[in-house]
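Structure file work.cif with mmCIF, C-alpha atoms:
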```
data_run
#
loop_
_atom_site.label_atom_id
_atom_site.label_comp_id
_atom_site.auth_asym_id
_atom_site.auth_seq_id
_atom_site.Cartn_x
_atom_site.Cartn_y
_atom_site.Cartn_z
CA MET Z 1 31.18 92.91 184.70
CA ALA Z 2 32.38 95.47 187.22
CA ASP Z 3 33.80 97.51 184.38
CA LEU Z 4 30.50 97.49 182.51
CA LEU Z 5 28.66 98.62 185.67
CA ASN Z 6 31.21 101.36 186.13
CA VAL Z 7 30.71 102.57 182.56
CA ILE Z 8 26.91 102.58 182.98
CA ILE Z 9 27.06 104.56 186.21
CA THR Z 10 29.53 107.08 184.81
CA ASN Z 11 27.34 107.50 181.76
CA LEU Z 12 24.22 108.03 183.85
CA LEU Z 13 25.95 110.65 185.98
CA GLY Z 14 27.52 112.47 183.07
CA LEU Z 15 24.47 112.53 180.81
CA ALA Z 16 23.78 116.21 181.16
CA LYS Z 17 27.25 117.09 179.85
CA GLN Z 18 27.68 114.57 177.04
CA ASN Z 19 24.27 114.71 175.43
CA PRO Z 20 24.71 114.06 171.71
CA ILE Z 21 21.20 114.88 170.42
CA GLY Z 22 20.45 117.80 172.73
CA LEU Z 23 17.40 116.23 174.41
CA LYS Z 24 16.75 117.59 177.88
CA ALA Z 25 14.01 116.76 180.36
CA ALA Z 26 12.31 119.52 182.33
CA ASP Z 27 13.16 119.87 185.99
CA PRO Z 28 10.76 117.64 187.97
CA MET Z 29 9.97 120.54 190.31
CA GLU Z 30 8.88 122.70 187.38
CA GLN Z 31 5.32 121.30 187.48
CA PHE Z 32 4.68 122.86 190.90
CA GLU Z 33 5.58 126.41 189.90
CA ILE Z 34 2.89 129.06 190.22
CA VAL Z 35 2.70 131.32 187.14
CA ARG Z 36 0.65 134.49 187.19
CA ILE Z 37 -1.83 134.82 184.32
CA PHE Z 38 -3.35 138.23 185.10
CA PRO Z 39 -3.85 140.32 188.25
CA VAL Z 40 -7.36 140.68 189.67
CA GLY Z 41 -8.19 144.38 189.88
CA ASN Z 42 -6.14 146.28 192.42
CA THR Z 43 -5.98 143.39 194.91
CA PRO Z 44 -2.87 141.44 195.87
CA PHE Z 45 -4.51 138.32 194.42
CA ASP Z 46 -3.40 137.06 191.04
CA PHE Z 47 -5.27 134.77 188.73
CA SER Z 48 -2.57 132.10 188.41
CA ASN Z 49 -2.32 128.68 186.80
CA ALA Z 50 -3.44 127.26 190.17
CA SER Z 51 -6.65 129.30 189.99
CA LEU Z 52 -7.14 128.27 186.36
CA SER Z 53 -6.81 124.58 187.20
CA MET Z 54 -9.26 124.91 190.11
CA VAL Z 55 -11.78 126.64 187.81
CA MET Z 56 -11.29 123.74 185.39
CA VAL Z 57 -11.98 121.26 188.19
CA VAL Z 58 -15.22 123.03 189.09
CA VAL Z 59 -16.30 123.23 185.45
CA VAL Z 60 -15.58 119.54 184.84
CA SER Z 61 -17.44 118.50 188.02
CA CYS Z 62 -20.42 120.68 187.05
CA ILE Z 63 -20.53 119.27 183.52
CA PHE Z 64 -20.34 115.75 184.92
CA MET Z 65 -23.17 116.28 187.41
CA PHE Z 66 -25.21 118.12 184.76
CA LEU Z 67 -24.89 115.17 182.38
CA ALA Z 68 -25.71 112.75 185.20
CA THR Z 69 -28.93 114.55 186.18
CA ARG Z 70 -30.05 115.77 182.76
CA LYS Z 71 -32.47 113.01 181.88
CA VAL Z 72 -33.61 111.47 185.17
CA SER Z 73 -35.52 108.24 184.67
CA MET Z 74 -36.50 105.19 186.70
CA VAL Z 75 -34.12 103.02 184.71
CA PRO Z 76 -30.87 105.00 184.84
CA GLY Z 77 -28.80 105.58 181.74
CA ARG Z 78 -25.02 105.34 181.79
CA MET Z 79 -24.24 108.80 183.18
CA GLN Z 80 -27.11 108.66 185.66
CA ALA Z 81 -25.87 105.30 186.95
CA VAL Z 82 -22.42 106.75 187.59
CA GLY Z 83 -23.95 109.73 189.39
CA GLU Z 84 -26.19 107.53 191.50
CA THR Z 85 -23.31 105.24 192.45
CA LEU Z 86 -21.27 108.24 193.53
CA HIS Z 87 -24.19 109.68 195.49
CA GLY Z 88 -24.85 106.36 197.22
CA PHE Z 89 -21.16 105.88 197.99
CA VAL Z 90 -20.82 109.25 199.70
CA SER Z 91 -24.12 109.05 201.57
CA ASP Z 92 -23.33 105.53 202.87
CA MET Z 93 -19.96 106.75 204.05
CA LEU Z 94 -21.53 109.74 205.79
CA ARG Z 95 -24.25 107.62 207.44
CA GLU Z 96 -21.71 105.10 208.69
CA MET Z 97 -19.33 107.71 210.11
CA ALA Z 98 -21.62 110.45 211.43
CA GLY Z 99 -24.99 108.75 211.92
CA ASN Z 100 -28.28 109.51 210.22
CA ASP Z 101 -28.41 113.15 211.29
CA GLY Z 102 -25.01 113.60 209.67
CA LEU Z 103 -26.80 113.58 206.30
CA ARG Z 104 -27.42 117.32 206.65
CA PHE Z 105 -23.73 117.73 205.78
CA PHE Z 106 -24.16 115.72 202.59
CA PRO Z 107 -23.83 118.67 200.17
CA TYR Z 108 -20.55 119.74 201.76
CA ILE Z 109 -19.01 116.25 201.87
CA PHE Z 110 -20.13 115.47 198.31
CA THR Z 111 -18.62 118.73 197.03
CA LEU Z 112 -15.40 118.07 198.93
CA PHE Z 113 -15.10 114.52 197.61
CA LEU Z 114 -15.84 115.48 194.02
CA PHE Z 115 -13.50 118.48 194.08
CA ILE Z 116 -10.52 116.57 195.48
CA PHE Z 117 -11.12 113.53 193.28
CA VAL Z 118 -11.45 115.52 190.06
CA ALA Z 119 -8.50 117.75 190.98
CA ASN Z 120 -6.31 114.69 191.58
CA LEU Z 121 -7.42 113.07 188.34
CA LEU Z 122 -7.04 116.19 186.18
CA GLY Z 123 -3.53 116.64 187.53
CA LEU Z 124 -2.62 113.25 186.08
CA LEU Z 125 -3.36 114.32 182.49
CA PRO Z 126 -0.29 114.83 180.32
CA THR Z 127 0.60 118.37 179.28
CA LEU Z 128 0.31 119.23 175.58
CA PRO Z 129 3.79 119.79 174.16
CA SER Z 130 5.09 123.34 173.59
CA ILE Z 131 2.19 125.34 175.00
CA PRO Z 132 2.83 128.35 177.24
CA LYS Z 133 3.85 127.51 180.78
CA MET Z 134 0.71 128.95 182.36
CA PHE Z 135 -1.39 126.29 180.62
CA HIS Z 136 0.69 123.31 181.77
CA VAL Z 137 -1.27 120.67 183.66
CA PHE Z 138 -1.24 121.61 187.32
CA THR Z 139 -2.44 119.71 190.39
CA PRO Z 140 -3.98 122.18 192.83
CA THR Z 141 -4.00 119.54 195.59
CA SER Z 142 -0.20 119.30 195.44
CA HIS Z 143 -0.02 122.68 197.18
CA LEU Z 144 -0.26 122.97 200.93
CA ALA Z 145 -2.15 126.27 200.69
CA VAL Z 146 -5.06 124.59 198.87
CA THR Z 147 -5.28 121.48 201.04
CA LEU Z 148 -4.89 123.47 204.26
CA SER Z 149 -7.77 125.73 203.18
CA LEU Z 150 -9.98 122.69 202.56
CA ALA Z 151 -9.02 121.21 205.95
CA MET Z 152 -9.68 124.49 207.71
CA ILE Z 153 -13.15 124.75 206.17
CA THR Z 154 -13.93 121.32 207.63
CA ILE Z 155 -12.57 122.15 211.08
CA SER Z 156 -14.38 125.52 211.08
CA ILE Z 157 -17.67 123.77 210.36
CA VAL Z 158 -16.95 121.28 213.16
CA LEU Z 159 -16.15 124.04 215.67
CA ILE Z 160 -18.94 126.46 214.73
CA TYR Z 161 -21.66 123.86 214.30
CA GLY Z 162 -20.53 121.86 217.34
CA LEU Z 163 -20.57 124.91 219.62
CA TYR Z 164 -23.88 126.13 218.13
CA LYS Z 165 -25.65 122.80 218.53
CA ASN Z 166 -24.20 121.47 221.80
CA GLY Z 167 -23.19 124.68 223.53
CA PHE Z 168 -20.82 124.01 226.39
CA LYS Z 169 -21.32 120.24 226.12
CA PHE Z 170 -19.10 120.34 223.03
CA PHE Z 171 -16.08 120.24 225.33
CA LYS Z 172 -17.04 116.73 226.43
CA LEU Z 173 -15.19 115.81 223.24
CA PHE Z 174 -11.96 116.19 225.18
CA LEU Z 175 -12.99 113.68 227.91
CA PRO Z 176 -14.37 110.50 226.33
CA GLY Z 177 -17.15 108.78 228.26
CA GLY Z 178 -16.16 105.95 230.61
CA VAL Z 179 -12.74 107.36 231.43
CA PRO Z 180 -12.10 107.47 235.20
CA LEU Z 181 -11.84 111.01 236.49
CA TRP Z 182 -8.31 110.59 237.89
CA LEU Z 183 -7.09 109.94 234.35
CA ALA Z 184 -8.51 113.26 233.14
CA PRO Z 185 -5.31 115.33 233.65
CA LEU Z 186 -3.57 112.89 231.31
CA ILE Z 187 -6.32 112.32 228.75
CA VAL Z 188 -7.54 115.90 228.29
CA PRO Z 189 -4.20 117.38 227.07
CA ILE Z 190 -3.71 114.42 224.72
CA GLU Z 191 -7.20 114.87 223.27
CA ILE Z 192 -6.70 118.61 222.88
CA VAL Z 193 -3.41 118.12 221.04
CA SER Z 194 -4.98 115.47 218.81
CA PHE Z 195 -7.87 117.81 218.05
CA LEU Z 196 -5.50 120.64 217.17
CA SER Z 197 -3.42 118.43 214.88
CA ARG Z 198 -6.48 117.38 212.85
CA PRO Z 199 -6.45 120.14 210.23
CA LEU Z 200 -2.69 119.78 209.85
CA SER Z 201 -2.81 116.02 209.40
CA LEU Z 202 -5.69 116.27 206.90
CA ALA Z 203 -3.83 118.87 204.85
CA ILE Z 204 -0.35 117.35 204.95
CA ARG Z 205 -1.59 113.86 204.03
CA LEU Z 206 -3.26 115.01 200.83
CA PHE Z 207 -0.51 117.46 199.90
CA ALA Z 208 2.40 115.07 200.52
CA ASN Z 209 0.74 112.19 198.67
CA MET Z 210 0.06 114.28 195.59
CA PHE Z 211 3.42 116.06 195.69
CA ALA Z 212 5.47 112.87 196.11
CA GLY Z 213 3.49 110.95 193.49
CA HIS Z 214 3.86 113.62 190.81
CA LEU Z 215 7.52 114.11 191.65
CA ILE Z 216 8.20 110.38 191.13
CA LEU Z 217 6.27 110.37 187.84
CA LYS Z 218 8.29 113.26 186.44
CA LEU Z 219 11.58 111.86 187.77
CA PHE Z 220 11.02 108.60 185.92
CA ALA Z 221 10.01 110.50 182.79
CA GLY Z 222 13.30 112.39 183.13
CA PHE Z 223 15.20 109.07 183.24
CA VAL Z 224 13.57 108.08 179.95
CA VAL Z 225 14.70 111.28 178.25
CA SER Z 226 18.25 111.02 179.63
CA LEU Z 227 18.59 107.39 178.57
CA ILE Z 228 17.33 108.03 175.04
CA ALA Z 229 19.62 111.04 174.77
CA ALA Z 230 22.59 108.88 175.79
CA GLY Z 231 22.25 106.97 172.53
CA GLY Z 232 23.47 103.49 171.56
CA LEU Z 233 22.95 100.63 174.01
CA MET Z 234 21.66 103.00 176.70
CA SER Z 235 18.65 103.96 174.56
CA GLY Z 236 17.38 100.39 174.74
CA LEU Z 237 17.43 100.57 178.53
CA ALA Z 238 14.89 103.43 178.36
CA ILE Z 239 12.12 100.81 178.25
CA LEU Z 240 12.68 100.12 181.98
CA PRO Z 241 11.69 103.57 183.32
CA ILE Z 242 8.77 103.64 180.83
CA LEU Z 243 7.40 100.41 182.30
CA GLY Z 244 8.01 101.77 185.79
CA ASN Z 245 6.15 104.95 184.88
CA VAL Z 246 3.13 102.98 183.64
CA ALA Z 247 2.98 101.11 186.95
CA ILE Z 248 3.35 104.32 188.96
CA TYR Z 249 0.67 106.01 186.86
CA LEU Z 250 -1.81 103.23 187.68
CA LEU Z 251 -0.86 103.50 191.34
CA GLU Z 252 -1.40 107.26 191.16
CA ILE Z 253 -4.96 106.79 189.86
CA LEU Z 254 -5.63 104.56 192.87
CA VAL Z 255 -4.02 107.13 195.18
CA ALA Z 256 -6.11 109.92 193.63
CA PHE Z 257 -9.29 108.07 194.59
CA LEU Z 258 -7.98 106.84 197.95
CA GLN Z 259 -6.88 110.28 199.13
CA ALA Z 260 -10.21 111.86 198.15
CA TYR Z 261 -11.94 109.02 200.03
CA ILE Z 262 -9.76 109.35 203.12
CA PHE Z 263 -10.12 113.13 203.23
CA SER Z 264 -13.90 112.89 203.12
CA VAL Z 265 -14.10 109.93 205.55
CA LEU Z 266 -12.05 111.82 208.11
CA SER Z 267 -14.16 114.95 207.53
CA CYS Z 268 -17.28 112.84 208.13
CA MET Z 269 -15.80 111.50 211.35
CA TYR Z 270 -14.92 114.96 212.62
CA LEU Z 271 -18.41 116.24 211.70
CA GLY Z 272 -19.79 113.22 213.61
CA ASP Z 273 -17.81 114.45 216.62
CA ALA Z 274 -19.50 117.83 216.30
CA LEU Z 275 -22.93 116.15 216.23
CA HIS Z 276 -22.33 113.71 219.09
CA PRO Z 277 -19.47 114.98 221.26
CA ASP Z 278 -20.28 112.66 224.17
CA HIS Z 279 -18.94 109.38 222.87
CA MET P 280 30.28 122.27 199.84
CA GLU P 281 30.35 120.53 203.24
CA MET P 282 27.16 122.35 204.21
CA GLU P 283 25.57 120.96 201.04
CA ALA P 284 26.67 117.43 201.92
CA ALA P 285 25.34 117.75 205.47
CA LYS P 286 22.01 118.91 204.04
CA MET P 287 21.77 115.85 201.79
CA ILE P 288 22.63 113.48 204.64
CA GLY P 289 20.11 115.19 206.90
CA ALA P 290 17.37 114.90 204.28
CA GLY P 291 18.19 111.22 203.89
CA ILE P 292 17.92 110.63 207.61
CA ALA P 293 14.66 112.60 207.75
CA ALA P 294 13.18 110.27 205.10
CA LEU P 295 13.82 107.19 207.28
CA PRO P 296 10.34 107.31 208.94
CA LEU P 297 8.98 106.23 205.54
CA ALA P 298 10.52 102.79 206.14
CA ALA P 299 8.83 102.47 209.51
CA ALA P 300 5.54 103.68 208.04
CA GLY P 301 5.89 100.99 205.37
CA ILE P 302 6.26 98.32 208.06
CA GLY P 303 3.23 99.73 209.86
CA LEU P 304 1.10 99.76 206.69
CA GLY P 305 2.11 96.18 205.97
CA LEU P 306 1.04 95.16 209.47
CA ILE P 307 -2.33 96.89 209.08
CA PHE P 308 -3.16 95.30 205.73
CA SER P 309 -1.88 91.86 206.78
CA SER P 310 -3.97 91.86 209.96
CA PHE P 311 -7.01 93.06 208.04
CA LEU P 312 -6.60 90.37 205.41
CA THR P 313 -6.04 87.68 208.06
CA GLY P 314 -9.25 88.71 209.77
CA ALA P 315 -11.13 89.07 206.50
CA PHE P 316 -10.20 85.59 205.30
CA ARG P 317 -11.26 84.05 208.60
CA ASN P 318 -14.58 85.85 208.67
CA PRO P 319 -15.39 87.29 205.23
CA SER P 320 -18.88 88.40 206.27
CA ALA P 321 -17.46 90.84 208.81
CA ALA P 322 -14.85 92.28 206.44
CA ALA P 323 -17.03 94.87 204.70
CA ALA P 324 -18.08 96.50 207.96
CA ASN P 325 -14.46 97.04 209.03
CA ARG P 326 -13.06 98.38 205.79
CA GLY P 327 -13.62 101.99 206.86
CA THR P 328 -11.72 101.45 210.10
CA MET P 329 -8.87 99.87 208.16
CA PHE P 330 -8.59 102.87 205.83
CA LEU P 331 -8.67 105.15 208.85
CA ALA P 332 -5.75 103.25 210.42
CA PHE P 333 -4.02 103.34 207.04
CA ALA P 334 -4.41 107.13 206.85
CA LEU P 335 -3.19 107.74 210.38
CA THR P 336 -0.14 105.49 209.94
CA GLU P 337 0.72 106.98 206.59
CA PHE P 338 0.66 110.46 208.07
CA THR P 339 3.60 109.69 210.38
CA GLY P 340 5.72 108.62 207.44
CA LEU P 341 4.67 111.59 205.31
CA LEU P 342 5.74 113.98 208.06
CA GLY P 343 9.25 112.60 207.57
CA PHE P 344 8.99 113.20 203.82
CA VAL P 345 7.81 116.78 204.33
CA LEU P 346 10.68 117.34 206.76
CA ALA P 347 13.16 116.05 204.20
CA MET P 348 11.67 118.41 201.59
CA ILE P 349 11.95 121.35 203.99
CA ILE P 350 15.61 120.53 204.70
CA LEU P 351 16.41 120.20 200.99
CA GLY P 352 14.56 123.36 200.07
CA GLN P 353 16.42 125.63 202.47
#
```
Please, can you express the file's structure as structure tokens?
Amino acid sequence: MADLLNVIITNLLGLAKQNPIGLKAADPMEQFEIVRIFPVGNTPFDFSNASLSMVMVVVVSCIFMFLATRKVSMVPGRMQAVGETLHGFVSDMLREMAGNDGLRFFPYIFTLFLFIFVANLLGLLPTLPSIPKMFHVFTPTSHLAVTLSLAMITISIVLIYGLYKNGFKFFKLFLPGGVPLWLAPLIVPIEIVSFLSRPLSLAIRLFANMFAGHLILKLFAGFVVSLIAAGGLMSGLAILPILGNVAIYLLEILVAFLQAYIFSVLSCMYLGDALHPDH
Amino acid sequence: MEMEAAKMIGAGIAALPLAAAGIGLGLIFSSFLTGAFRNPSAAAANRGTMFLAFALTEFTGLLGFVLAMIILGQ
């Protein structure tokens, strides 16, 4: 028994060297590489595969909303029902978190939710085999630059709108109502630090979830290729990582929705702070 | 070579917060479910708060993961 285990482990470790058929899985980090497609004018900005995938996300969202609102009727058709459910879901969330006057932020929150959700879902599609690298499936939300930009848009709206609407009263945010004044030297720094960490926590949560999930998917896919390449008895074992990958894929679909939901719920809550800083 | 080994060990240690975050997430969901089974009519109203707690707890663990990635990537 111990001998068999030993043989299996040695085989697994030495697969790259003794690969009889020449199968080789791509590096799991390869999916996160940015590839330039063409430069934009004389600017330092390139149109990369990240830009291409974000354009795709916008196009898919627009097509979806166009189909959902094309034939508006009292009795909704299939697409209209999906659109209405989505609309009701986001507006309920906004009303619950930011109050009724929070509904003025509905267009922003709806766009945010749809963009993140569709980006997460499109990143889960499999890549077509043997197409150029710049057209590989790419998840824009698995890059900190993208998620941090989204988080900073939210925090900028909170700051600018909060200061515009409440003026100086906005700083009541840092001293919650009902706190005794002698606790203020302790509470105010804590609240300030928590406010400053908001964009970072929003961005890192989305980025790390997407990054880790896709890494695990590709790692398991790599196990499948190595096991099949090992040949003989080991090829039969390849069914295990395939089953694992199916389970992880389902989990990733849930995570794609959950992270879009959490990002927009937290944005709603922060916008609610900008509307009502005194509680 | 020793530097490489130290890097691996460091990344492993930096990923430990994920275990603690797992315990925390389990506590959150178990308390929510306990409450929800006792009073199902109040469960729907508190689902948002639960997901908020979930997100905040998860963040602590993910910071450890990001740290491990930074250590490995250097």
All file atoms of region 200-216 of chain Z boxed axis-aligned, 3 Å per side, centre plus edges, as lines of an AutoDock Vina configuration file:
```
center_x = 1.3
center_y = 115.1
center_z = 200.3
size_x = 19.9
size_y = 15.4
size_z = 25.0
```
What are the residues of chain P that have an atom within 9 Å of an atom of chain Z, counting all atoms listed in the file, as a compact mmCIF listing (two decimals) with C-alpha atoms, in the coordinates of the input?
```
# COMPACT_ATOMS: atom_id res chain seq x y z
CA GLY P 327 -13.62 101.99 206.86
CA PHE P 330 -8.59 102.87 205.83
CA LEU P 331 -8.67 105.15 208.85
CA ALA P 334 -4.41 107.13 206.85
CA LEU P 335 -3.19 107.74 210.38
CA GLU P 337 0.72 106.98 206.59
CA PHE P 338 0.66 110.46 208.07
CA LEU P 341 4.67 111.59 205.31
CA LEU P 342 5.74 113.98 208.06
CA PHE P 344 8.99 113.20 203.82
CA VAL P 345 7.81 116.78 204.33
```
Item to check | Chain and number of each residue from the PyMOL selection byres ((chain P and resi 326) around 12), as a PyMOL selection string | outcome: (chain Z and resi 93+96+262+265) or (chain P and resi 307-308+310-312+314-315+319-325+327-333)
Next on the checklist: I'd like the interatomic distance between CA of Ser194 (chain Z) and CA of Phe170 (chain Z), to a tenth of an Å.
Outcome noted: 15.5 Å
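Atom pair CA of Val118 (chain Z) / CA of Val60 (chain Z): separated by 7.8 Å.
Between Leu306 (chain P) and the residues P:Gly291, P:Gly343, P:Asn318, P:Thr336, the shortest atom-to-atom distance, using all atoms listed in the file, involves P:Thr336.
Using all atoms listed in the file, the smallest distance between any of Z:Ala68, Z:Met79, Z:Val59, Z:Val137 and Val35 (chain Z) comes from Z:Val137.
Take CA of Glu252 (chain Z) and CA of Leu295 (chain P): the distance between them is 22.2 Å.
Evaluating the PyMOL selection byres ((chain Z and resi 36) around 9) against the shown model yields Ile34, Val35, Ile37, Phe38, Pro39, Asp46, Phe47, Ser48, Asn49, Ala50 and Met134 of chain Z.
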Please reconstruct the missing atoms of region 295-316 of chain P (target: N, CA and C atoms) and return them as a tab-separated table (two decimals), keeping the file's coordinate frame.
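After the write, out01.tsv holds the following:
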```tsv
chain	number	residue	atom	x	y	z
P	295	LEU	N	13.87	108.54	206.71
P	295	LEU	CA	13.82	107.19	207.28
P	295	LEU	C	12.45	106.79	207.82
P	296	PRO	N	11.66	107.71	208.43
P	296	PRO	CA	10.34	107.31	208.94
P	296	PRO	C	9.48	106.62	207.88
P	297	LEU	N	9.76	106.88	206.59
P	297	LEU	CA	8.98	106.23	205.54
P	297	LEU	C	9.12	104.72	205.63
P	298	ALA	N	10.33	104.23	206.00
P	298	ALA	CA	10.52	102.79	206.14
P	298	ALA	C	9.64	102.24	207.25
P	299	ALA	N	9.64	102.94	208.39
P	299	ALA	CA	8.83	102.47	209.51
P	299	ALA	C	7.34	102.53	209.16
P	300	ALA	N	6.94	103.58	208.43
P	300	ALA	CA	5.54	103.68	208.04
P	300	ALA	C	5.18	102.53	207.11
P	301	GLY	N	6.14	102.14	206.26
P	301	GLY	CA	5.89	100.99	205.37
P	301	GLY	C	5.65	99.72	206.17
P	302	ILE	N	6.46	99.51	207.21
P	302	ILE	CA	6.26	98.32	208.06
P	302	ILE	C	4.88	98.38	208.70
P	303	GLY	N	4.53	99.58	209.20
P	303	GLY	CA	3.23	99.73	209.86
P	303	GLY	C	2.08	99.46	208.91
P	304	LEU	N	2.18	99.98	207.67
P	304	LEU	CA	1.10	99.76	206.69
P	304	LEU	C	0.99	98.28	206.37
P	305	GLY	N	2.15	97.61	206.23
P	305	GLY	CA	2.11	96.18	205.97
P	305	GLY	C	1.41	95.43	207.08
P	306	LEU	N	1.69	95.81	208.33
P	306	LEU	CA	1.04	95.16	209.47
P	306	LEU	C	-0.47	95.36	209.42
P	307	ILE	N	-0.89	96.61	209.11
P	307	ILE	CA	-2.33	96.89	209.08
P	307	ILE	C	-3.03	96.03	208.04
P	308	PHE	N	-2.49	96.04	206.79
P	308	PHE	CA	-3.16	95.30	205.73
P	308	PHE	C	-3.10	93.80	205.99
P	309	SER	N	-1.96	93.30	206.54
P	309	SER	CA	-1.88	91.86	206.78
P	309	SER	C	-2.87	91.45	207.86
P	310	SER	N	-3.01	92.26	208.93
P	310	SER	CA	-3.97	91.86	209.96
P	310	SER	C	-5.39	91.93	209.42
P	311	PHE	N	-5.66	92.97	208.59
P	311	PHE	CA	-7.01	93.06	208.04
P	311	PHE	C	-7.32	91.86	207.16
P	312	LEU	N	-6.35	91.49	206.32
P	312	LEU	CA	-6.60	90.37	205.41
P	312	LEU	C	-6.74	89.06	206.19
P	313	THR	N	-5.91	88.88	207.23
P	313	THR	CA	-6.04	87.68	208.06
P	313	THR	C	-7.44	87.58	208.63
P	314	GLY	N	-7.91	88.70	209.20
P	314	GLY	CA	-9.25	88.71	209.77
P	314	GLY	C	-10.31	88.50	208.71
P	315	ALA	N	-10.11	89.14	207.54
P	315	ALA	CA	-11.13	89.07	206.50
P	315	ALA	C	-11.25	87.67	205.93
P	316	PHE	N	-10.11	86.95	205.83
P	316	PHE	CA	-10.20	85.59	205.30
P	316	PHE	C	-10.83	84.64	206.31
```
